[in-house]
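S.K.: Got final33.txt for you, compact mmCIF, C-alpha atoms:
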# COMPACT_ATOMS: atom_id res chain seq x y z
CA MET A 1 -218.37 -16.08 -66.06
CA ARG A 2 -222.13 -16.17 -65.45
CA TRP A 3 -223.84 -12.82 -65.48
CA SER A 4 -225.01 -11.66 -62.07
CA ARG A 5 -228.70 -12.07 -61.36
CA THR A 6 -228.73 -8.53 -59.89
CA VAL A 7 -228.08 -6.72 -63.16
CA VAL A 8 -229.52 -3.28 -63.77
CA ALA A 9 -232.81 -3.49 -65.65
CA LEU A 10 -232.40 -3.02 -69.36
CA THR A 11 -235.07 -1.30 -71.42
CA ALA A 12 -236.51 -3.39 -74.23
CA THR A 13 -236.75 -1.69 -77.60
CA ALA A 14 -239.40 -2.21 -80.25
CA THR A 15 -239.54 -1.70 -84.00
CA LEU A 16 -242.36 -2.23 -86.45
CA VAL A 17 -240.88 -4.45 -89.16
CA LEU A 18 -242.29 -7.97 -89.45
CA SER A 19 -240.76 -10.63 -91.68
CA THR A 20 -242.18 -14.14 -91.78
CA THR A 21 -241.74 -15.35 -95.37
CA GLY A 22 -239.07 -17.50 -96.94
CA CYS A 23 -237.99 -21.08 -96.48
CA GLY A 24 -234.48 -21.13 -95.07
CA SER A 25 -231.10 -19.54 -94.63
CA THR A 26 -228.23 -19.49 -97.11
CA ASP A 27 -224.82 -21.04 -96.73
CA ALA A 28 -223.38 -17.52 -96.75
CA ASP A 29 -224.82 -16.95 -93.29
CA PRO A 30 -222.09 -18.45 -91.08
CA ALA A 31 -223.39 -17.37 -87.70
CA PRO A 32 -226.69 -17.37 -85.82
CA SER A 33 -228.92 -15.27 -87.97
CA ASN A 34 -230.64 -12.82 -85.69
CA SER A 35 -229.52 -10.42 -83.02
CA THR A 36 -231.11 -7.28 -81.71
CA GLY A 37 -227.74 -5.56 -82.11
CA ALA A 38 -228.10 -3.70 -78.82
CA PRO A 39 -225.08 -2.72 -76.73
CA ALA A 40 -223.28 -5.48 -74.91
CA GLY A 41 -223.22 -5.68 -71.13
CA GLY A 42 -226.14 -7.93 -70.24
CA PRO A 43 -226.28 -11.69 -69.87
CA ALA A 44 -225.58 -13.70 -73.03
CA VAL A 45 -228.96 -15.04 -74.10
CA VAL A 46 -229.46 -17.49 -76.97
CA ALA A 47 -233.01 -18.28 -78.14
CA SER A 48 -234.12 -21.08 -80.42
CA THR A 49 -236.49 -18.97 -82.56
CA THR A 50 -237.61 -15.37 -82.96
CA TRP A 51 -240.77 -16.09 -80.94
CA VAL A 52 -238.70 -17.27 -78.00
CA GLY A 53 -236.24 -14.41 -78.52
CA ALA A 54 -239.07 -11.87 -78.58
CA LEU A 55 -240.12 -12.92 -75.09
CA ALA A 56 -236.55 -12.48 -73.83
CA LYS A 57 -236.41 -9.05 -75.43
CA ALA A 58 -239.78 -8.12 -73.92
CA ALA A 59 -238.45 -9.22 -70.54
CA GLY A 60 -235.64 -6.67 -70.78
CA ILE A 61 -232.72 -8.37 -72.52
CA ALA A 62 -231.23 -5.88 -74.95
CA GLU A 63 -229.27 -8.39 -77.03
CA VAL A 64 -230.55 -11.82 -77.98
CA THR A 65 -228.95 -14.27 -80.38
CA VAL A 66 -231.47 -16.39 -82.29
CA ILE A 67 -230.66 -19.76 -83.83
CA ALA A 68 -233.41 -20.25 -86.45
CA PRO A 69 -233.31 -17.46 -89.05
CA ALA A 70 -236.26 -15.09 -89.20
CA ASN A 71 -236.94 -15.99 -92.85
CA VAL A 72 -237.59 -19.67 -92.12
CA GLN A 73 -241.26 -20.32 -92.73
CA HIS A 74 -241.63 -22.84 -89.89
CA PRO A 75 -238.75 -22.15 -87.47
CA PRO A 76 -239.19 -25.24 -85.23
CA ASP A 77 -238.22 -27.37 -88.25
CA TYR A 78 -234.94 -25.53 -88.82
CA ASP A 79 -231.83 -27.71 -89.03
CA PRO A 80 -229.04 -25.76 -87.28
CA LYS A 81 -225.53 -25.72 -88.70
CA PRO A 82 -222.54 -26.21 -86.39
CA SER A 83 -221.81 -22.50 -86.75
CA ASP A 84 -225.30 -21.72 -85.46
CA LEU A 85 -224.78 -23.81 -82.36
CA ALA A 86 -221.31 -22.40 -81.64
CA ALA A 87 -222.87 -19.33 -79.98
CA VAL A 88 -224.60 -21.56 -77.45
CA ALA A 89 -221.26 -22.45 -75.86
CA ASP A 90 -220.80 -18.89 -74.60
CA ALA A 91 -224.38 -18.35 -73.45
CA ASP A 92 -225.46 -17.66 -69.91
CA TYR A 93 -229.03 -18.68 -70.76
CA VAL A 94 -230.39 -20.86 -73.55
CA LEU A 95 -234.12 -20.41 -74.16
CA TYR A 96 -236.17 -22.83 -76.26
CA ALA A 97 -239.65 -24.20 -76.81
CA GLU A 98 -240.10 -27.89 -76.15
CA PHE A 99 -241.79 -28.36 -79.55
CA ASP A 100 -238.69 -27.07 -81.37
CA GLY A 101 -237.48 -29.96 -83.48
CA PHE A 102 -233.85 -29.08 -82.76
CA ALA A 103 -234.30 -28.56 -79.01
CA ASP A 104 -232.25 -31.64 -78.15
CA ARG A 105 -229.31 -30.49 -80.27
CA LEU A 106 -229.56 -27.02 -78.77
CA THR A 107 -229.52 -28.20 -75.17
CA GLU A 108 -226.71 -30.68 -75.89
CA ALA A 109 -224.58 -27.89 -77.37
CA ALA A 110 -225.16 -25.81 -74.25
CA GLY A 111 -223.13 -28.24 -72.19
CA GLY A 112 -223.07 -27.66 -68.45
CA ASP A 113 -222.39 -23.91 -68.28
CA ALA A 114 -225.55 -22.31 -69.66
CA GLU A 115 -228.84 -22.36 -67.81
CA LEU A 116 -231.47 -24.10 -69.95
CA VAL A 117 -234.84 -22.35 -69.87
CA PRO A 118 -237.88 -23.91 -71.59
CA VAL A 119 -240.40 -21.26 -72.63
CA GLN A 120 -244.13 -21.67 -73.21
CA LEU A 121 -245.28 -20.17 -76.49
CA GLU A 122 -248.82 -18.92 -76.99
CA ASN A 123 -249.76 -15.44 -78.15
CA THR A 124 -252.41 -14.86 -75.52
CA PRO A 125 -252.28 -12.18 -72.81
CA ALA A 126 -252.21 -14.72 -69.99
CA VAL A 127 -249.26 -16.72 -71.32
CA ILE A 128 -247.29 -13.70 -72.53
CA THR A 129 -247.73 -11.97 -69.16
CA ALA A 130 -246.67 -15.07 -67.24
CA GLU A 131 -243.60 -15.77 -69.38
CA VAL A 132 -242.33 -12.18 -69.64
CA THR A 133 -242.76 -11.74 -65.89
CA ARG A 134 -240.95 -15.03 -65.17
CA LEU A 135 -238.07 -14.20 -67.50
CA GLY A 136 -237.75 -10.68 -66.07
CA GLU A 137 -237.37 -12.16 -62.60
CA LEU A 138 -234.86 -14.72 -63.87
CA PHE A 139 -232.70 -12.14 -65.65
CA GLY A 140 -233.00 -9.47 -62.96
CA THR A 141 -234.83 -7.16 -65.38
CA ALA A 142 -238.26 -7.13 -63.74
CA ASP A 143 -238.74 -3.37 -64.13
CA ALA A 144 -238.14 -3.50 -67.88
CA ALA A 145 -240.46 -6.50 -68.17
CA ALA A 146 -243.22 -4.67 -66.30
CA ALA A 147 -242.83 -1.61 -68.53
CA TRP A 148 -243.11 -3.72 -71.67
CA LEU A 149 -246.16 -5.54 -70.34
CA ALA A 150 -247.89 -2.22 -69.67
CA GLU A 151 -247.33 -1.28 -73.31
CA PHE A 152 -248.49 -4.71 -74.43
CA ASP A 153 -251.72 -4.49 -72.44
CA SER A 154 -252.66 -1.14 -73.95
CA THR A 155 -251.66 -2.18 -77.47
CA TYR A 156 -253.57 -5.45 -77.24
CA ALA A 157 -256.72 -3.70 -76.02
CA GLU A 158 -256.50 -1.07 -78.78
CA LEU A 159 -255.89 -3.55 -81.61
CA SER A 160 -258.48 -6.04 -80.38
CA GLY A 161 -261.04 -3.24 -80.15
CA GLN A 162 -260.30 -2.16 -83.71
CA VAL A 163 -260.82 -5.66 -85.09
CA LYS A 164 -263.99 -6.22 -83.08
CA ALA A 165 -265.38 -2.92 -84.41
CA VAL A 166 -265.39 -4.23 -87.98
CA THR A 167 -269.00 -5.16 -88.76
CA VAL A 168 -269.55 -8.59 -90.26
CA GLU A 169 -272.19 -11.31 -90.02
CA PRO A 170 -271.82 -14.11 -89.21
CA ARG A 171 -268.90 -13.41 -86.93
CA THR A 172 -267.62 -16.96 -87.16
CA ALA A 173 -264.39 -18.67 -88.12
CA VAL A 174 -262.82 -22.04 -88.66
CA SER A 175 -259.21 -22.18 -87.60
CA HIS A 176 -256.00 -24.14 -87.67
CA LEU A 177 -255.72 -25.68 -84.23
CA PHE A 178 -252.60 -23.66 -83.35
CA MET A 179 -254.25 -20.35 -84.32
CA ALA A 180 -257.66 -20.73 -82.69
CA TYR A 181 -256.87 -18.40 -79.78
CA TRP A 182 -256.63 -15.48 -82.22
CA ALA A 183 -260.41 -15.71 -82.55
CA GLU A 184 -260.82 -14.29 -79.05
CA PHE A 185 -258.53 -11.39 -80.00
CA ALA A 186 -260.77 -10.72 -83.02
CA GLY A 187 -264.12 -11.32 -81.35
CA LEU A 188 -264.86 -14.34 -83.55
CA GLN A 189 -266.64 -17.56 -82.64
CA VAL A 190 -264.72 -20.67 -83.69
CA THR A 191 -267.15 -23.17 -85.19
CA GLY A 192 -264.56 -25.70 -86.34
CA THR A 193 -260.84 -26.46 -86.21
CA TYR A 194 -258.43 -28.48 -88.34
CA GLY A 195 -254.84 -29.69 -88.13
CA PRO A 196 -252.19 -30.50 -87.35
CA ALA A 197 -252.95 -33.61 -89.43
CA PRO A 198 -253.84 -33.05 -93.11
CA VAL A 199 -257.47 -32.14 -93.75
CA THR A 200 -259.52 -34.98 -95.18
CA ALA A 201 -262.37 -34.58 -97.66
CA SER A 202 -264.94 -35.29 -94.96
CA GLN A 203 -263.37 -32.73 -92.61
CA LEU A 204 -263.39 -30.12 -95.37
CA ALA A 205 -267.07 -30.80 -95.94
CA GLU A 206 -267.75 -30.28 -92.23
CA LEU A 207 -265.80 -27.01 -92.20
CA THR A 208 -267.69 -25.77 -95.24
CA ALA A 209 -271.05 -26.75 -93.79
CA VAL A 210 -270.76 -24.32 -90.86
CA LYS A 211 -270.38 -21.43 -93.35
CA PRO A 212 -267.65 -19.44 -91.56
CA ALA A 213 -266.83 -15.85 -92.45
CA VAL A 214 -263.08 -16.45 -92.30
CA VAL A 215 -260.47 -19.19 -92.07
CA LEU A 216 -257.74 -18.42 -89.53
CA ALA A 217 -254.90 -20.09 -91.41
CA ASN A 218 -251.45 -20.94 -90.08
CA ALA A 219 -249.07 -18.85 -92.20
CA HIS A 220 -246.11 -20.92 -91.01
CA LEU A 221 -247.65 -24.14 -92.41
CA PRO A 222 -249.22 -22.94 -95.67
CA GLY A 223 -249.82 -26.42 -97.07
CA ALA A 224 -251.89 -27.40 -94.04
CA ASN A 225 -254.71 -24.90 -94.65
CA PRO A 226 -257.80 -25.78 -96.72
CA ASP A 227 -259.76 -23.49 -99.01
CA VAL A 228 -263.27 -23.27 -97.58
CA ASP A 229 -265.95 -22.12 -100.01
CA GLY A 230 -267.52 -18.82 -99.01
CA ALA A 231 -264.87 -17.99 -96.39
CA THR A 232 -261.99 -15.54 -96.61
CA ARG A 233 -258.62 -17.01 -95.68
CA VAL A 234 -256.50 -14.98 -93.26
CA ASP A 235 -252.86 -15.98 -92.87
CA ILE A 236 -252.04 -15.60 -89.18
CA VAL A 237 -248.45 -15.37 -87.94
CA ASN A 238 -247.05 -16.25 -84.54
CA PHE A 239 -243.31 -15.76 -85.09
CA PRO A 240 -241.89 -12.20 -85.17
CA GLY A 241 -239.27 -11.01 -87.63
CA ALA A 242 -235.58 -10.47 -87.01
CA ASP A 243 -236.37 -7.38 -84.91
CA LEU A 244 -238.00 -9.67 -82.29
CA ASP A 245 -240.94 -7.27 -82.03
CA LEU A 246 -243.82 -9.26 -80.60
CA LEU A 247 -246.14 -6.25 -80.75
CA ALA A 248 -245.69 -6.20 -84.53
CA VAL A 249 -247.19 -9.70 -84.67
CA PHE A 250 -250.38 -8.35 -83.12
CA ARG A 251 -250.42 -5.30 -85.40
CA ASN A 252 -249.90 -7.45 -88.47
CA ASN A 253 -252.62 -9.94 -87.54
CA ALA A 254 -255.05 -7.19 -86.56
CA GLU A 255 -254.62 -5.59 -89.97
CA SER A 256 -255.00 -8.89 -91.82
CA ILE A 257 -258.12 -9.97 -89.92
CA SER A 258 -259.73 -6.53 -90.21
CA ALA A 259 -259.16 -6.50 -93.97
CA ALA A 260 -260.68 -9.96 -94.33
CA LEU A 261 -263.75 -9.06 -92.28
CA ALA A 262 -264.25 -5.79 -94.15
CA GLY A 263 -264.35 -7.62 -97.47
CA PRO A 264 -263.58 -6.21 -100.93
Just give me the structure of the file as structure tokens.

M.R.:
Amino acid sequence: MRWSRTVVALTATATLVLSTTGCGSTDADPAPSNSTGAPAGGPAVVASTTWVGALAKAAGIAEVTVIAPANVQHPPDYDPKPSDLAAVADADYVLYAEFDGFADRLTEAAGGDAELVPVQLENTPAVITAEVTRLGELFGTADAAAAWLAEFDSTYAELSGQVKAVTVEPRTAVSHLFMAYWAEFAGLQVTGTYGPAPVTASQLAELTAVKPAVVLANAHLPGANPDVDGATRVDIVNFPGADLDLLAVFRNNAESISAALAGP
């Protein structure tokens, strides 16, 4: 039976643990790998990855089942097992990003009962606000979504201010294409980007020539990031850990960027 759209707003919880390393799940994990473990009673929500699941949690869903394990380095490339997809059959909503490599398998497993909800993923205030608000309205948890967004706004402003307060010259960066928006968060000027294609020798020479202070590297695609002479590499994450705490992503990146800018 589909959950009523007029459910009582559920309060999203947040923890501070962030886990983004590793390269896959084990065969001993027979079920979808991540769940917030909150009390039952809300709509059954299945999310493709922890990033997607974090937005559902922020929107007020207390319990979210996630298909790609939190310890997969690049979750969109995860190859779901049949046991992973079994949970989709009982879902009221199936959330996914269109760039997820297994999105087709996920939506096929959903059949005709679950509502399929594509989600835009970008860790910027504008996109996060739009998606959390939209999901809160969809789930009937708008009050919880608004409360989380108020916390997000204050946390973002505080962390961004801390990073921008670190004195460094030049305040420039080269960045993986998918991480360039973190420069605005850090108060950095992007003077060059690379990816998603492999970096060529000529591109590396161009990146080196602009003499950036840091390289905003994609931690989820470690082999795609070049070493630029004279620049400090900062591994930036986009995907939360198993706790689905999106705020922890911002805390983690703020700490990493601040440390790189501060130097030894």

S.K.: State, in Å with one decimal place, the distance from CA of Thr200 (chain A) to CA of Thr172 (chain A).

M.R.: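 So the answer is 21.3 Å.
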
S.K.: Figure out the distance between CA of Ser160 (chain A) and CA of Gly223 (chain A), please, to one decimal in Å.

M.R.: 27.7 Å

S.K.: As lines of an AutoDock Vina configuration file, please report the centre and edge lengths, rounded to one decimal in Å, of the axis-aligned box that holds all listed atoms of region 75-91 of chain A with 4 Å of padding on each of the six sides.

M.R.:
center_x = -230.0
center_y = -23.0
center_z = -81.2
size_x = 26.4
size_y = 17.4
size_z = 23.6

S.K.: Of the candidates A:Leu138, A:Ala97, A:Ala180, A:Val199, which one gets nearest to Val52 (chain A) if we count only C-alpha atoms?

M.R.: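 Closest to Val52 (chain A), using only C-alpha atoms: A:Ala97.
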
S.K.: With 10 Å as the cut-off and only C-alpha atoms counted, what is the closest atom pair between each nearby residue of region 91-175 of chain A and region 65-74 of chain A? Distances in Å to one decimal, ordered by chain and number, as a tab-separated table.

M.R.:
residue	atom	partner	partner_atom	distance
A:Ala91	CA	A:Thr65	CA	9.2
A:Val94	CA	A:Thr65	CA	9.6
A:Leu95	CA	A:Val66	CA	9.4
A:Tyr96	CA	A:Ile67	CA	9.9
A:Asp100	CA	A:His74	CA	10.0
A:Phe102	CA	A:Ala68	CA	9.6
A:Leu106	CA	A:Ile67	CA	8.9

S.K.: Taking a cut-off of 12 Å and counting only C-alpha atoms, can you build a table that, for each residue of region 112-183 of chain A near region 225-236 of chain A, reports the nearest atom pair and how far apart they are in Å (one decimal), sorted by chain then residue number, as CSV?

M.R.:
residue,atom,partner,partner_atom,distance
A:Asn123,CA,A:Ile236,CA,11.3
A:Glu169,CA,A:Ala231,CA,11.8
A:Pro170,CA,A:Ala231,CA,10.7
A:Arg171,CA,A:Ala231,CA,11.3
A:Thr172,CA,A:Ala231,CA,9.7
A:Ala173,CA,A:Ala231,CA,8.3
A:Val174,CA,A:Ala231,CA,9.0
A:Ser175,CA,A:Asn225,CA,8.8
A:His176,CA,A:Asn225,CA,7.1
A:Leu177,CA,A:Asn225,CA,10.5
A:Phe178,CA,A:Ile236,CA,10.0
A:Met179,CA,A:Ile236,CA,7.1
A:Ala180,CA,A:Ile236,CA,10.0
A:Tyr181,CA,A:Ile236,CA,10.9
A:Trp182,CA,A:Ile236,CA,8.3
A:Ala183,CA,A:Ile236,CA,10.7

S.K.: Kindly give the distance, in Å, that separates CA of Pro196 (chain A) and CA of Ala224 (chain A), rounded to a single decimal.

M.R.: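 For CA of Pro196 (chain A) relative to CA of Ala224 (chain A), the distance reads 7.4 Å.
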
S.K.: Looking at A:Ala54, A:Ala254, A:Val166, A:Ile128, which one is nearest to Asp153 (chain A), with distances taken over all atoms listed in the file?

M.R.: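 Closest to Asp153 (chain A), using all atoms listed in the file: A:Ile128.
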
S.K.: Using all atoms listed in the file for the distances, tell me which of A:Asp245, A:Gln162, A:Ala86, A:Glu115 is nearest to Ala56 (chain A).

M.R.: A:Asp245

S.K.: Given all atoms listed in the file as the basis, pick out the residue of A:Val127, A:Asn238, A:Asp113, A:Ala59 nearest to Ala147 (chain A).

M.R.: A:Ala59

S.K.: I want to know what sits within 12 Å of Ala150 (chain A), based on only C-alpha atoms, with residues of the same chain fewer than 5 positions away left out; could you give that as a list in words?

M.R.: Ala58, Ala59, Pro125, Ile128, Thr129, Val132, Thr133, Asp143, Ala144, Ala145, Thr155, Tyr156, Ala157 and Leu247 of chain A

S.K.: Only C-alpha atoms, please: the residues just picked out, written as a CSV table (one decimal), keeping the file's coordinate frame.

M.R.:
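Wrote it out as part_0.csv, contents follow:
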chain,number,residue,atom,x,y,z
A,58,ALA,CA,-239.8,-8.1,-73.9
A,59,ALA,CA,-238.4,-9.2,-70.5
A,125,PRO,CA,-252.3,-12.2,-72.8
A,128,ILE,CA,-247.3,-13.7,-72.5
A,129,THR,CA,-247.7,-12.0,-69.2
A,132,VAL,CA,-242.3,-12.2,-69.6
A,133,THR,CA,-242.8,-11.7,-65.9
A,143,ASP,CA,-238.7,-3.4,-64.1
A,144,ALA,CA,-238.1,-3.5,-67.9
A,145,ALA,CA,-240.5,-6.5,-68.2
A,155,THR,CA,-251.7,-2.2,-77.5
A,156,TYR,CA,-253.6,-5.4,-77.2
A,157,ALA,CA,-256.7,-3.7,-76.0
A,247,LEU,CA,-246.1,-6.2,-80.8
